[in-house]
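Pasting target.cif here (mmCIF, C-alpha atoms and all ligand atoms):
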```
data_my_file
#
loop_
_atom_site.label_atom_id
_atom_site.label_comp_id
_atom_site.auth_asym_id
_atom_site.auth_seq_id
_atom_site.Cartn_x
_atom_site.Cartn_y
_atom_site.Cartn_z
CA MET F 1 116.23 30.66 -32.52
CA ALA F 2 114.17 32.75 -30.11
CA GLN F 3 114.91 32.36 -26.42
CA ARG F 4 112.43 30.48 -24.24
CA VAL F 5 110.87 31.37 -20.90
CA GLU F 6 108.86 28.87 -18.83
CA ILE F 7 106.59 30.46 -16.23
CA ALA F 8 104.93 28.81 -13.23
CA GLY F 9 101.64 30.56 -12.41
CA GLY F 10 99.02 32.19 -14.61
CA GLY F 11 98.04 35.02 -12.27
CA ILE F 12 98.64 38.74 -12.70
CA GLY F 13 102.43 38.43 -12.37
CA GLY F 14 102.88 35.37 -14.58
CA LEU F 15 100.64 36.62 -17.38
CA ALA F 16 102.20 40.10 -17.33
CA ALA F 17 105.70 38.62 -17.42
CA GLY F 18 104.70 36.26 -20.23
CA LEU F 19 103.23 39.10 -22.27
CA ALA F 20 106.28 41.34 -21.70
CA PHE F 21 108.62 38.61 -22.97
CA ALA F 22 106.34 37.54 -25.84
CA ARG F 23 106.30 41.13 -27.08
CA ARG F 24 110.10 40.98 -27.15
CA GLY F 25 110.03 37.92 -29.39
CA TRP F 26 110.60 35.24 -26.74
CA ARG F 27 108.85 31.87 -26.87
CA VAL F 28 106.65 31.88 -23.77
CA ARG F 29 104.88 29.07 -21.95
CA VAL F 30 102.82 29.72 -18.80
CA HIS F 31 101.84 26.78 -16.57
CA GLU F 32 98.69 27.33 -14.52
CA GLN F 33 97.74 24.70 -11.96
CA ASP F 34 94.00 25.34 -12.26
CA ALA F 35 91.78 24.31 -15.17
CA ASP F 36 91.21 27.98 -16.07
CA LEU F 37 92.30 31.43 -14.94
CA ARG F 38 91.80 31.76 -11.22
CA ILE F 39 89.04 34.35 -11.26
CA LEU F 40 88.17 35.75 -7.87
CA GLY F 41 84.85 37.53 -7.67
CA ALA F 42 86.54 40.76 -6.69
CA GLY F 43 87.75 44.09 -7.96
CA ILE F 44 91.37 45.20 -7.84
CA TYR F 45 92.86 48.67 -7.36
CA ILE F 46 95.13 49.51 -10.26
CA TRP F 47 97.02 52.73 -9.71
CA GLU F 48 99.00 54.80 -12.19
CA ASN F 49 102.06 52.53 -12.15
CA GLY F 50 100.05 49.41 -13.02
CA LEU F 51 98.02 51.32 -15.61
CA ARG F 52 101.23 52.40 -17.35
CA VAL F 53 102.38 48.79 -17.51
CA LEU F 54 99.04 47.80 -19.06
CA GLU F 55 99.44 50.58 -21.63
CA THR F 56 102.95 49.43 -22.47
CA LEU F 57 101.78 45.83 -22.81
CA GLY F 58 98.99 46.95 -25.18
CA VAL F 59 96.08 45.69 -23.06
CA TYR F 60 95.03 48.84 -21.18
CA ASP F 61 91.68 49.37 -22.93
CA ARG F 62 90.65 45.75 -22.43
CA ALA F 63 91.87 45.58 -18.84
CA ILE F 64 89.91 48.58 -17.61
CA ALA F 65 86.92 48.14 -19.94
CA GLY F 66 83.85 49.47 -18.15
CA ALA F 67 85.81 50.60 -15.08
CA ILE F 68 85.28 54.07 -13.66
CA ARG F 69 88.11 56.46 -12.85
CA LEU F 70 87.94 57.14 -9.10
CA THR F 71 88.69 60.63 -7.87
CA ARG F 72 87.37 60.84 -4.30
CA ARG F 73 88.60 58.82 -1.36
CA GLU F 74 86.91 59.13 2.04
CA ARG F 75 87.42 57.79 5.54
CA ARG F 76 84.42 57.80 7.87
CA ASN F 77 83.70 56.86 11.46
CA ALA F 78 80.96 54.40 12.35
CA ASP F 79 78.50 57.31 12.79
CA GLY F 80 79.28 58.52 9.27
CA THR F 81 81.51 61.48 10.28
CA LEU F 82 84.07 62.23 7.59
CA PHE F 83 87.59 62.28 9.04
CA GLY F 84 89.69 61.88 5.90
CA LEU F 85 89.24 63.09 2.34
CA GLU F 86 91.55 62.93 -0.65
CA THR F 87 90.70 64.06 -4.13
CA MET F 88 92.66 62.43 -6.91
CA THR F 89 91.95 64.59 -9.92
CA GLY F 90 95.60 65.35 -10.78
CA PRO F 91 98.20 62.94 -12.06
CA GLY F 92 97.94 59.45 -10.64
CA ARG F 93 94.93 57.64 -12.01
CA LEU F 94 93.11 54.93 -10.06
CA TYR F 95 90.68 52.37 -11.46
CA VAL F 96 89.22 49.29 -9.77
CA PRO F 97 88.48 46.92 -12.65
CA LEU F 98 87.11 43.44 -12.07
CA ARG F 99 89.91 40.91 -11.59
CA ARG F 100 88.28 38.85 -14.28
CA THR F 101 88.56 41.67 -16.81
CA LEU F 102 92.21 42.30 -15.95
CA LEU F 103 93.24 38.64 -16.11
CA GLU F 104 91.35 37.99 -19.34
CA ALA F 105 92.96 41.04 -20.97
CA LEU F 106 96.45 39.80 -20.00
CA ARG F 107 95.62 36.25 -21.13
CA ASP F 108 94.25 37.36 -24.51
CA GLY F 109 97.17 39.73 -25.02
CA LEU F 110 99.62 36.93 -24.30
CA VAL F 111 97.96 34.48 -26.66
CA ALA F 112 97.73 37.13 -29.41
CA ALA F 113 101.47 37.78 -28.97
CA GLY F 114 102.18 34.07 -29.59
CA GLY F 115 102.46 32.88 -25.99
CA GLU F 116 101.09 29.56 -24.76
CA ILE F 117 99.14 28.89 -21.55
CA VAL F 118 98.95 25.31 -20.31
CA PHE F 119 96.19 24.73 -17.77
CA ASP F 120 96.14 21.86 -15.25
CA SER F 121 99.92 22.06 -15.29
CA ARG F 122 101.57 22.29 -11.89
CA PRO F 123 105.32 22.79 -11.59
CA THR F 124 106.63 21.53 -8.25
CA GLY F 125 109.98 23.29 -8.29
CA ALA F 126 112.83 24.62 -10.39
CA ASP F 127 116.51 24.12 -10.99
CA PRO F 128 118.87 27.13 -11.12
CA ALA F 129 120.30 25.75 -14.36
CA GLY F 130 116.98 26.72 -16.00
CA ARG F 131 114.55 23.85 -15.52
CA LEU F 132 110.99 23.67 -14.31
CA HIS F 133 110.07 20.36 -12.65
CA PHE F 134 106.65 18.68 -12.63
CA ALA F 135 105.05 16.15 -10.27
CA ASP F 136 105.18 13.34 -12.86
CA GLY F 137 108.98 13.60 -12.98
CA SER F 138 109.10 15.47 -16.28
CA SER F 139 110.79 18.84 -16.68
CA ALA F 140 111.02 21.72 -19.14
CA GLU F 141 114.23 23.54 -20.01
CA ALA F 142 114.41 27.25 -20.72
CA ASP F 143 116.77 30.20 -20.98
CA LEU F 144 114.79 31.73 -18.13
CA VAL F 145 112.34 30.22 -15.63
CA ILE F 146 109.94 32.46 -13.71
CA GLY F 147 108.24 31.50 -10.47
CA ALA F 148 105.03 33.57 -10.48
CA ASP F 149 103.17 30.96 -8.48
CA GLY F 150 101.89 33.23 -5.76
CA ILE F 151 102.33 33.49 -2.02
CA ASN F 152 102.79 29.71 -1.51
CA SER F 153 105.33 29.52 -4.36
CA ALA F 154 106.68 26.01 -4.90
CA VAL F 155 109.39 27.41 -7.19
CA ARG F 156 110.63 29.81 -4.51
CA ASP F 157 110.59 27.18 -1.79
CA SER F 158 112.35 24.55 -3.94
CA LEU F 159 115.27 26.97 -4.29
CA GLY F 160 115.45 27.84 -0.59
CA LEU F 161 114.82 31.52 -1.35
CA LEU F 162 112.14 32.16 1.30
CA LYS F 163 113.38 34.42 4.10
CA SER F 164 110.14 35.08 5.98
CA ARG F 165 106.35 34.97 5.82
CA ARG F 166 105.22 37.54 8.31
CA PRO F 167 101.58 37.29 9.39
CA VAL F 168 99.78 40.63 9.37
CA HIS F 169 97.24 39.32 11.93
CA GLN F 170 94.40 40.75 9.87
CA HIS F 171 91.70 39.06 7.87
CA ALA F 172 90.05 40.29 4.66
CA TYR F 173 86.68 39.21 3.28
CA ARG F 174 86.23 40.30 -0.37
CA VAL F 175 83.03 40.46 -2.41
CA MET F 176 81.38 42.30 -5.27
CA ILE F 177 78.00 43.94 -4.78
CA PRO F 178 75.59 45.41 -7.33
CA ARG F 179 75.27 49.19 -7.61
CA LEU F 180 71.89 50.84 -7.88
CA PRO F 181 71.18 53.41 -10.65
CA GLU F 182 70.72 56.22 -8.12
CA GLU F 183 74.25 55.57 -6.75
CA LEU F 184 75.89 56.41 -10.07
CA THR F 185 75.71 60.14 -9.48
CA THR F 186 75.64 60.70 -5.71
CA GLU F 187 78.82 61.54 -3.79
CA ARG F 188 78.20 58.59 -1.49
CA GLY F 189 77.79 56.14 -4.36
CA THR F 190 80.76 57.31 -6.44
CA ALA F 191 83.49 57.72 -3.78
CA ILE F 192 85.83 55.13 -2.37
CA CYS F 193 85.13 55.02 1.35
CA GLU F 194 86.75 53.26 4.30
CA HIS F 195 84.16 53.00 7.08
CA TRP F 196 86.01 52.50 10.40
CA ALA F 197 84.60 51.09 13.66
CA GLY F 198 87.46 50.50 16.09
CA ALA F 199 89.92 48.28 14.24
CA ARG F 200 87.21 46.85 12.00
CA ARG F 201 86.54 48.46 8.67
CA LEU F 202 84.51 48.18 5.54
CA LEU F 203 85.97 49.38 2.25
CA TYR F 204 83.61 50.33 -0.56
CA ALA F 205 85.03 51.01 -4.03
CA PRO F 206 82.92 51.52 -7.15
CA CYS F 207 84.30 49.42 -10.03
CA THR F 208 81.93 49.70 -12.99
CA ARG F 209 78.43 51.12 -13.45
CA GLU F 210 77.07 47.74 -12.35
CA HIS F 211 79.42 46.64 -9.58
CA ALA F 212 81.27 47.84 -6.49
CA TYR F 213 84.03 46.08 -4.59
CA VAL F 214 83.67 45.61 -0.83
CA GLN F 215 86.32 44.42 1.62
CA LEU F 216 85.72 43.78 5.33
CA THR F 217 88.87 43.74 7.44
CA THR F 218 89.21 42.52 11.03
CA LEU F 219 92.06 41.76 13.43
CA ARG F 220 93.11 38.23 14.39
CA GLY F 221 91.25 37.16 17.53
CA ASP F 222 88.23 39.26 16.62
CA ASP F 223 85.58 36.66 15.89
CA TRP F 224 82.73 39.14 15.81
CA GLY F 225 81.25 39.30 12.35
CA ASN F 226 83.82 36.90 10.90
CA PRO F 227 82.66 34.71 9.12
CA PHE F 228 80.46 37.42 7.62
CA ASP F 229 77.52 38.20 9.87
CA ARG F 230 75.16 40.71 8.24
CA GLY F 231 73.35 41.67 11.45
CA PHE F 232 76.62 42.36 13.26
CA TRP F 233 78.06 44.57 10.51
CA SER F 234 74.76 46.45 10.06
CA ARG F 235 74.67 47.30 13.76
CA LEU F 236 78.37 48.19 13.75
CA LEU F 237 78.15 50.51 10.74
CA PRO F 238 74.58 51.82 10.50
CA GLU F 239 75.67 54.51 8.03
CA ALA F 240 76.92 51.78 5.69
CA ALA F 241 73.86 49.55 6.04
CA TRP F 242 73.01 50.24 2.37
CA ILE F 243 76.26 48.41 1.50
CA VAL F 244 76.08 45.66 4.13
CA GLU F 245 72.59 44.58 3.10
CA ARG F 246 73.93 43.67 -0.38
CA ILE F 247 77.00 41.70 0.75
CA PRO F 248 76.80 38.03 -0.29
CA GLU F 249 77.94 35.22 1.99
CA ASP F 250 80.19 33.42 -0.49
CA GLY F 251 83.04 35.94 -0.61
CA LYS F 252 86.77 35.22 -0.58
CA SER F 253 88.51 35.10 2.82
CA ASP F 254 92.24 35.61 3.33
CA TRP F 255 94.64 36.01 6.22
CA LEU F 256 97.14 38.64 5.14
CA GLU F 257 100.91 38.13 5.00
CA LEU F 258 104.13 39.84 4.00
CA VAL F 259 106.75 37.78 2.15
CA ARG F 260 110.47 38.51 2.06
CA VAL F 261 113.04 36.47 0.14
CA HIS F 262 116.82 36.13 0.30
CA ALA F 263 117.13 37.01 -3.39
CA TRP F 264 114.88 37.58 -6.37
CA SER F 265 116.65 35.01 -8.48
CA LYS F 266 118.91 32.00 -8.39
CA GLY F 267 120.78 30.99 -11.54
CA ARG F 268 118.29 31.22 -14.38
CA VAL F 269 115.21 31.29 -12.15
CA ALA F 270 113.49 34.57 -11.20
CA LEU F 271 110.60 35.20 -8.79
CA VAL F 272 107.84 37.64 -9.72
CA GLY F 273 104.84 38.96 -7.79
CA ASP F 274 103.60 37.51 -4.50
CA ALA F 275 106.15 34.68 -4.69
CA ALA F 276 108.87 37.26 -3.99
CA ALA F 277 107.09 40.17 -2.38
CA ALA F 278 103.52 39.56 -1.19
CA GLN F 279 102.20 42.49 0.82
CA PRO F 280 99.03 43.30 2.74
CA PRO F 281 96.50 45.03 0.46
CA PHE F 282 96.28 48.35 2.29
CA LEU F 283 97.87 50.37 -0.53
CA GLY F 284 96.29 48.32 -3.32
CA GLN F 285 99.74 47.73 -4.80
CA GLY F 286 100.47 43.97 -4.74
CA GLY F 287 99.14 43.33 -8.23
CA GLY F 288 100.48 46.62 -9.53
CA MET F 289 103.97 45.84 -8.22
CA ALA F 290 103.75 42.32 -9.68
CA MET F 291 103.12 43.82 -13.12
CA CYS F 292 105.82 46.48 -12.70
CA THR F 293 108.49 43.98 -11.71
CA ALA F 294 107.38 41.61 -14.50
CA LEU F 295 107.80 44.34 -17.12
CA ALA F 296 111.10 45.47 -15.58
CA LEU F 297 112.43 41.91 -15.72
CA ALA F 298 111.81 41.66 -19.47
CA HIS F 299 113.24 45.14 -19.95
CA HIS F 300 116.51 44.41 -18.08
CA VAL F 301 117.07 41.02 -19.71
CA GLU F 302 116.58 42.60 -23.13
CA ALA F 303 118.65 45.70 -22.34
CA THR F 304 121.65 43.70 -21.12
CA GLY F 305 121.26 40.99 -23.78
CA ASP F 306 122.13 38.38 -21.15
CA VAL F 307 119.98 36.53 -18.61
CA ALA F 308 122.49 36.59 -15.73
CA ARG F 309 123.35 40.27 -16.15
CA GLY F 310 119.72 41.12 -16.75
CA LEU F 311 118.63 39.42 -13.52
CA ALA F 312 121.32 41.22 -11.54
CA ALA F 313 120.35 44.61 -13.02
CA TRP F 314 116.66 43.87 -12.40
CA GLU F 315 117.10 43.06 -8.74
CA ALA F 316 119.49 45.98 -8.18
CA GLY F 317 117.04 48.37 -9.81
CA GLU F 318 113.71 47.16 -8.44
CA ARG F 319 114.01 45.28 -5.17
CA ARG F 320 114.68 48.12 -2.73
CA PHE F 321 111.73 50.11 -3.99
CA THR F 322 109.39 47.11 -3.94
CA GLU F 323 110.35 46.27 -0.36
CA TRP F 324 109.81 49.90 0.62
CA VAL F 325 106.27 49.74 -0.78
CA GLN F 326 105.70 46.52 1.20
CA THR F 327 106.83 48.30 4.37
CA VAL F 328 104.56 51.31 3.79
CA SER F 329 101.61 48.99 3.25
CA TRP F 330 102.42 47.08 6.41
CA THR F 331 102.72 50.29 8.42
CA TYR F 332 99.40 51.59 7.14
CA GLY F 333 97.78 48.34 8.22
CA GLU F 334 99.31 48.64 11.69
CA LEU F 335 97.25 51.80 12.22
CA ALA F 336 94.29 49.46 12.71
CA ARG F 337 95.79 48.44 16.05
CA ALA F 338 96.25 52.02 17.26
CA PRO F 339 93.70 53.64 19.59
CA ALA F 340 90.90 55.22 17.54
CA GLY F 341 91.86 58.81 18.43
CA LEU F 342 95.48 58.31 17.45
CA ARG F 343 94.46 56.60 14.22
CA THR F 344 92.06 59.40 13.29
CA ALA F 345 94.79 61.96 13.98
CA ALA F 346 97.23 59.98 11.84
CA PHE F 347 94.76 59.83 8.96
CA ARG F 348 94.11 63.57 9.24
CA ILE F 349 97.85 64.22 9.03
CA ILE F 350 98.19 61.82 6.07
CA ALA F 351 95.30 63.44 4.23
CA GLY F 352 96.54 66.96 4.97
CA SER F 353 100.22 66.56 4.16
CA GLU F 354 101.36 66.88 0.55
CA TRP F 355 104.79 65.54 1.56
CA ILE F 356 103.32 62.35 3.08
CA LYS F 357 100.97 61.94 0.14
CA ARG F 358 103.87 62.21 -2.27
CA LYS F 359 105.89 59.71 -0.24
CA THR F 360 103.14 57.18 0.38
CA LEU F 361 101.73 57.44 -3.13
CA ARG F 362 105.21 57.40 -4.62
CA ALA F 363 104.60 53.86 -5.73
CA ALA F 364 101.47 54.87 -7.52
CA VAL F 365 102.37 58.17 -9.01
CA ALA F 366 105.87 59.50 -8.92
CA ARG F 367 107.91 56.74 -10.45
CA PRO F 368 107.16 55.42 -13.93
CA PRO F 369 107.76 51.67 -13.87
CA THR F 370 111.00 50.57 -15.53
CA GLY F 371 110.37 49.77 -19.16
CA ALA F 372 106.99 51.50 -19.26
CA MET F 373 106.32 54.11 -21.89
CA ALA F 374 106.06 57.72 -20.77
CA PRO F 375 102.64 58.90 -19.66
CA ALA F 376 100.55 60.48 -22.40
C1 LIG F 401 92.40 40.79 0.28
C2 LIG F 401 93.36 41.20 -0.82
C3 LIG F 401 93.08 42.35 -1.56
C4 LIG F 401 93.99 42.75 -2.54
N1 LIG F 401 93.72 43.90 -3.25
C5 LIG F 401 94.63 44.35 -4.17
C6 LIG F 401 94.37 45.54 -4.92
O1 LIG F 401 93.32 46.18 -4.77
N2 LIG F 401 95.33 45.96 -5.82
C7 LIG F 401 96.47 45.25 -6.01
O2 LIG F 401 97.31 45.66 -6.84
N3 LIG F 401 96.72 44.10 -5.33
C8 LIG F 401 95.83 43.64 -4.42
N4 LIG F 401 96.08 42.48 -3.74
C9 LIG F 401 97.32 41.76 -4.01
C10 LIG F 401 97.24 41.01 -5.31
O3 LIG F 401 96.07 40.19 -5.33
C11 LIG F 401 98.45 40.13 -5.49
O4 LIG F 401 99.62 40.88 -5.21
C12 LIG F 401 98.54 39.61 -6.92
O5 LIG F 401 97.42 38.80 -7.21
C13 LIG F 401 99.83 38.82 -7.09
O6 LIG F 401 99.83 38.23 -8.36
P1 LIG F 401 100.69 36.90 -8.58
O7 LIG F 401 100.52 36.58 -10.02
O8 LIG F 401 102.05 37.06 -8.03
O9 LIG F 401 99.99 35.82 -7.66
P2 LIG F 401 98.53 35.19 -7.76
O10 LIG F 401 97.55 36.22 -8.17
O11 LIG F 401 98.34 34.47 -6.48
O12 LIG F 401 98.63 34.14 -8.94
C14 LIG F 401 99.39 32.97 -8.82
C15 LIG F 401 98.85 31.98 -9.83
O13 LIG F 401 99.72 30.86 -9.82
C16 LIG F 401 98.94 29.67 -9.74
N5 LIG F 401 99.79 28.68 -9.09
C17 LIG F 401 100.12 28.58 -7.77
N6 LIG F 401 100.96 27.56 -7.57
C18 LIG F 401 101.18 27.01 -8.79
C19 LIG F 401 101.99 25.95 -9.25
N7 LIG F 401 102.76 25.25 -8.43
N8 LIG F 401 101.98 25.67 -10.58
C20 LIG F 401 101.19 26.38 -11.45
N9 LIG F 401 100.43 27.38 -11.06
C21 LIG F 401 100.43 27.72 -9.76
C22 LIG F 401 97.69 30.06 -9.01
O14 LIG F 401 96.62 29.16 -9.32
C23 LIG F 401 97.45 31.46 -9.52
O15 LIG F 401 96.70 31.48 -10.71
C24 LIG F 401 95.17 42.02 -2.77
C25 LIG F 401 95.43 40.86 -2.04
C26 LIG F 401 94.52 40.45 -1.07
C27 LIG F 401 94.84 39.21 -0.28
#
```
Turn the structure described in the file into structure tokens.
Ligand SMILES: Cc1cc2nc3c(=O)[nH]c(=O)nc-3n(C[C@H](O)[C@H](O)[C@H](O)COP(=O)(O)OP(=O)(O)OC[C@H]3O[C@@H](n4cnc5c(N)ncnc54)[C@H](O)[C@@H]3O)c2cc1C
Amino acid sequence: MAQRVEIAGGGIGGLAAGLAFARRGWRVRVHEQDADLRILGAGIYIWENGLRVLETLGVYDRAIAGAIRLTRRERRNADGTLFGLETMTGPGRLYVPLRRTLLEALRDGLVAAGGEIVFDSRPTGADPAGRLHFADGSSAEADLVIGADGINSAVRDSLGLLKSRRPVHQHAYRVMIPRLPEELTTERGTAICEHWAGARRLLYAPCTREHAYVQLTTLRGDDWGNPFDRGFWSRLLPEAAWIVERIPEDGKSDWLELVRVHAWSKGRVALVGDAAAAQPPFLGQGGGMAMCTALALAHHVEATGDVARGLAAWEAGERRFTEWVQTVSWTYGELARAPAGLRTAAFRIIAGSEWIKRKTLRAAVARPPTGAMAPA
């Protein structure tokens, strides 16, 4: 009889984990608290490591359908002066597909592989013996339970695994905006650009021919322009007014956090994604790391042929690296607090140093995720 995995959370981590196990012949059931996939109206950076996981899981073409490969990354001051430029034409692909497209590809892949997704199903905790508990007192038994229930993970907290939730003291407002036909060919319309004004910044990232992703980031205590105030942002970033004028007022708002846990598993229960290792979004790696660790979990459990040994090998192999990526992302975000001149100098050094690029993009480029197939 095939082994069973019960998964709390039908986000990027839970669906990727479910698909990785289903493709190894496991019986998979994902419990999602919402009535459908939680689709945010936003794009998501998927770097080389996440793309390789999608290829291995057989959903790459679907997941990035319509998305554009991005090769130019700029940083500009409020007056439009370019102070950072990276070209990404070598190894290390980056796409920013719609979250909807990514999640639907993972969902459809999971269902096609024989997995089950139960909506309106909300686990409230887990038992290290391999049980997922529900609010009505019922429970489900499995060879492996996965808590992929996000930053507020009930599974993690029920097992006492939370070590810290560190506030980043920064706020992000995420939206999608339409792209105009004339922006499909211009440098300005096709590049990723961070527009900086003091600690405040606007990120513009083309996703598809029709849509671009925009994120406004501000520090805690900075109430100017947050909630979104079009007039304020237009005056702040006149060079980016062509973006600001298209920003809708019903975007998604988040205070950013970094999560650390005592351990990635307890008994037969493992934590995947933000439940174990949420990070601020400054490297665009939270979702990518969730997929990498999900694939690695299935790989290690299969390779060792035993859940306990597989979990130990998984944590030993993946945790240090994941926490290092969290720390790099945190540090990058801390540059927002630095005086503008120092920050600009730091970005110039980052953009000009191959060593730093290799180190900071290591997550994205240098290390194939465990269990992923080799790049083509
Ligand atoms: C502003 C911002 C921008 C970001 N940009 C990027 C980016 O560009 N690239 C990138 O890689 N990452 C990015 N991230 C990070 C990325 O969104 C997360 O790391 C990723 O979504 C984590 O996936 P997850 O499945 O662990 O959690 P989630 O995506 O949070 O999914 C958890 C799921 O579990 C469900 N759930 C919660 N509790 C329960 C329960 N008790 N029972 C059942 N279901 C439950 C939720 O409804 C949800 O569907 C960003 C994050 C933020 C905040």
Handout entry: Nearest to F:Lys163 by atom-to-atom distance, counting only C-alpha atoms, from F:Asn226, F:His262, F:Arg201, F:Pro123
Key =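 For F:Lys163, the nearest of the given residues is F:His262.
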Which centre and edge lengths in Å to one decimal define the box along x, y and z that fits every listed atom of ligand LIG 401 (chain F) plus 3 Å per side, as AutoDock Vina command-line options?
```
--center_x 97.6 --center_y 35.7 --center_z -5.6 --size_x 16.4 --size_y 26.9 --size_z 17.7
```
Handout entry: Point-to-point distance in Å for atom N9 of ligand LIG 401 (chain F) and atom CA of F:Asp108
Key =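 Between atom CA of F:Asp108 and atom N9 of ligand LIG 401 (chain F) the gap is 17.9 Å.
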Exercise for the section: Skip stretch 280-297 of chain F itself and residues of its chain fewer than 5 positions away, then list as a PyMOL selection string all residues within 9 Å of it, counting all atoms listed in the file. Expected result: chain F and resi 12-21+44-54+56-57+148+168+170+256-258+270+272-274+302+310-311+313-315+317-319+322+325-326+328-330+332-333+360-361+363-364+369-372
How would the residues just chosen look if you wrote them out with C-alpha atoms as a PDB file, keeping the file's coordinate frame?
```pdb
ATOM      1  CA  ILE F  12      98.640  38.740 -12.700  1.00  0.00           C
ATOM      2  CA  GLY F  13     102.430  38.430 -12.370  1.00  0.00           C
ATOM      3  CA  GLY F  14     102.880  35.370 -14.580  1.00  0.00           C
ATOM      4  CA  LEU F  15     100.640  36.620 -17.380  1.00  0.00           C
ATOM      5  CA  ALA F  16     102.200  40.100 -17.330  1.00  0.00           C
ATOM      6  CA  ALA F  17     105.700  38.620 -17.420  1.00  0.00           C
ATOM      7  CA  GLY F  18     104.700  36.260 -20.230  1.00  0.00           C
ATOM      8  CA  LEU F  19     103.230  39.100 -22.270  1.00  0.00           C
ATOM      9  CA  ALA F  20     106.280  41.340 -21.700  1.00  0.00           C
ATOM     10  CA  PHE F  21     108.620  38.610 -22.970  1.00  0.00           C
ATOM     11  CA  ILE F  44      91.370  45.200  -7.840  1.00  0.00           C
ATOM     12  CA  TYR F  45      92.860  48.670  -7.360  1.00  0.00           C
ATOM     13  CA  ILE F  46      95.130  49.510 -10.260  1.00  0.00           C
ATOM     14  CA  TRP F  47      97.020  52.730  -9.710  1.00  0.00           C
ATOM     15  CA  GLU F  48      99.000  54.800 -12.190  1.00  0.00           C
ATOM     16  CA  ASN F  49     102.060  52.530 -12.150  1.00  0.00           C
ATOM     17  CA  GLY F  50     100.050  49.410 -13.020  1.00  0.00           C
ATOM     18  CA  LEU F  51      98.020  51.320 -15.610  1.00  0.00           C
ATOM     19  CA  ARG F  52     101.230  52.400 -17.350  1.00  0.00           C
ATOM     20  CA  VAL F  53     102.380  48.790 -17.510  1.00  0.00           C
ATOM     21  CA  LEU F  54      99.040  47.800 -19.060  1.00  0.00           C
ATOM     22  CA  THR F  56     102.950  49.430 -22.470  1.00  0.00           C
ATOM     23  CA  LEU F  57     101.780  45.830 -22.810  1.00  0.00           C
ATOM     24  CA  ALA F 148     105.030  33.570 -10.480  1.00  0.00           C
ATOM     25  CA  VAL F 168      99.780  40.630   9.370  1.00  0.00           C
ATOM     26  CA  GLN F 170      94.400  40.750   9.870  1.00  0.00           C
ATOM     27  CA  LEU F 256      97.140  38.640   5.140  1.00  0.00           C
ATOM     28  CA  GLU F 257     100.910  38.130   5.000  1.00  0.00           C
ATOM     29  CA  LEU F 258     104.130  39.840   4.000  1.00  0.00           C
ATOM     30  CA  ALA F 270     113.490  34.570 -11.200  1.00  0.00           C
ATOM     31  CA  VAL F 272     107.840  37.640  -9.720  1.00  0.00           C
ATOM     32  CA  GLY F 273     104.840  38.960  -7.790  1.00  0.00           C
ATOM     33  CA  ASP F 274     103.600  37.510  -4.500  1.00  0.00           C
ATOM     34  CA  GLU F 302     116.580  42.600 -23.130  1.00  0.00           C
ATOM     35  CA  GLY F 310     119.720  41.120 -16.750  1.00  0.00           C
ATOM     36  CA  LEU F 311     118.630  39.420 -13.520  1.00  0.00           C
ATOM     37  CA  ALA F 313     120.350  44.610 -13.020  1.00  0.00           C
ATOM     38  CA  TRP F 314     116.660  43.870 -12.400  1.00  0.00           C
ATOM     39  CA  GLU F 315     117.100  43.060  -8.740  1.00  0.00           C
ATOM     40  CA  GLY F 317     117.040  48.370  -9.810  1.00  0.00           C
ATOM     41  CA  GLU F 318     113.710  47.160  -8.440  1.00  0.00           C
ATOM     42  CA  ARG F 319     114.010  45.280  -5.170  1.00  0.00           C
ATOM     43  CA  THR F 322     109.390  47.110  -3.940  1.00  0.00           C
ATOM     44  CA  VAL F 325     106.270  49.740  -0.780  1.00  0.00           C
ATOM     45  CA  GLN F 326     105.700  46.520   1.200  1.00  0.00           C
ATOM     46  CA  VAL F 328     104.560  51.310   3.790  1.00  0.00           C
ATOM     47  CA  SER F 329     101.610  48.990   3.250  1.00  0.00           C
ATOM     48  CA  TRP F 330     102.420  47.080   6.410  1.00  0.00           C
ATOM     49  CA  TYR F 332      99.400  51.590   7.140  1.00  0.00           C
ATOM     50  CA  GLY F 333      97.780  48.340   8.220  1.00  0.00           C
ATOM     51  CA  THR F 360     103.140  57.180   0.380  1.00  0.00           C
ATOM     52  CA  LEU F 361     101.730  57.440  -3.130  1.00  0.00           C
ATOM     53  CA  ALA F 363     104.600  53.860  -5.730  1.00  0.00           C
ATOM     54  CA  ALA F 364     101.470  54.870  -7.520  1.00  0.00           C
ATOM     55  CA  PRO F 369     107.760  51.670 -13.870  1.00  0.00           C
ATOM     56  CA  THR F 370     111.000  50.570 -15.530  1.00  0.00           C
ATOM     57  CA  GLY F 371     110.370  49.770 -19.160  1.00  0.00           C
ATOM     58  CA  ALA F 372     106.990  51.500 -19.260  1.00  0.00           C
TER      59      ALA F 372
END
```
Exercise for the section: Kindly give the distance, in Å, that separates atom CA of F:Ala154 and atom CA of F:Arg309, rounded to a single decimal. Expected result: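 We find that atom CA of F:Ala154 and atom CA of F:Arg309 lie 24.7 Å from each other.
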Problem - For F:Ala191, the nearest of the candidates F:Thr71, F:Gln3, F:Thr344, F:Ser234, counting all atoms listed in the file - result: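 That would be F:Thr71, the residue with the smallest distance to F:Ala191.
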Handout entry: Among listed residues F:Ala199, F:Val118, F:Ala135, F:Leu184, nearest F:His171 (using only C-alpha atoms)
Key =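 Of F:Ala199, F:Val118, F:Ala135, F:Leu184, the one nearest F:His171, counting only C-alpha atoms, is F:Ala199.
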Handout entry: Closest of F:Arg220, F:Lys252, F:Arg235, F:Arg100 to F:Arg174 - atom-to-atom distances counting only C-alpha atoms
Key =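 Counting only C-alpha atoms, the residue closest to F:Arg174 is F:Lys252.
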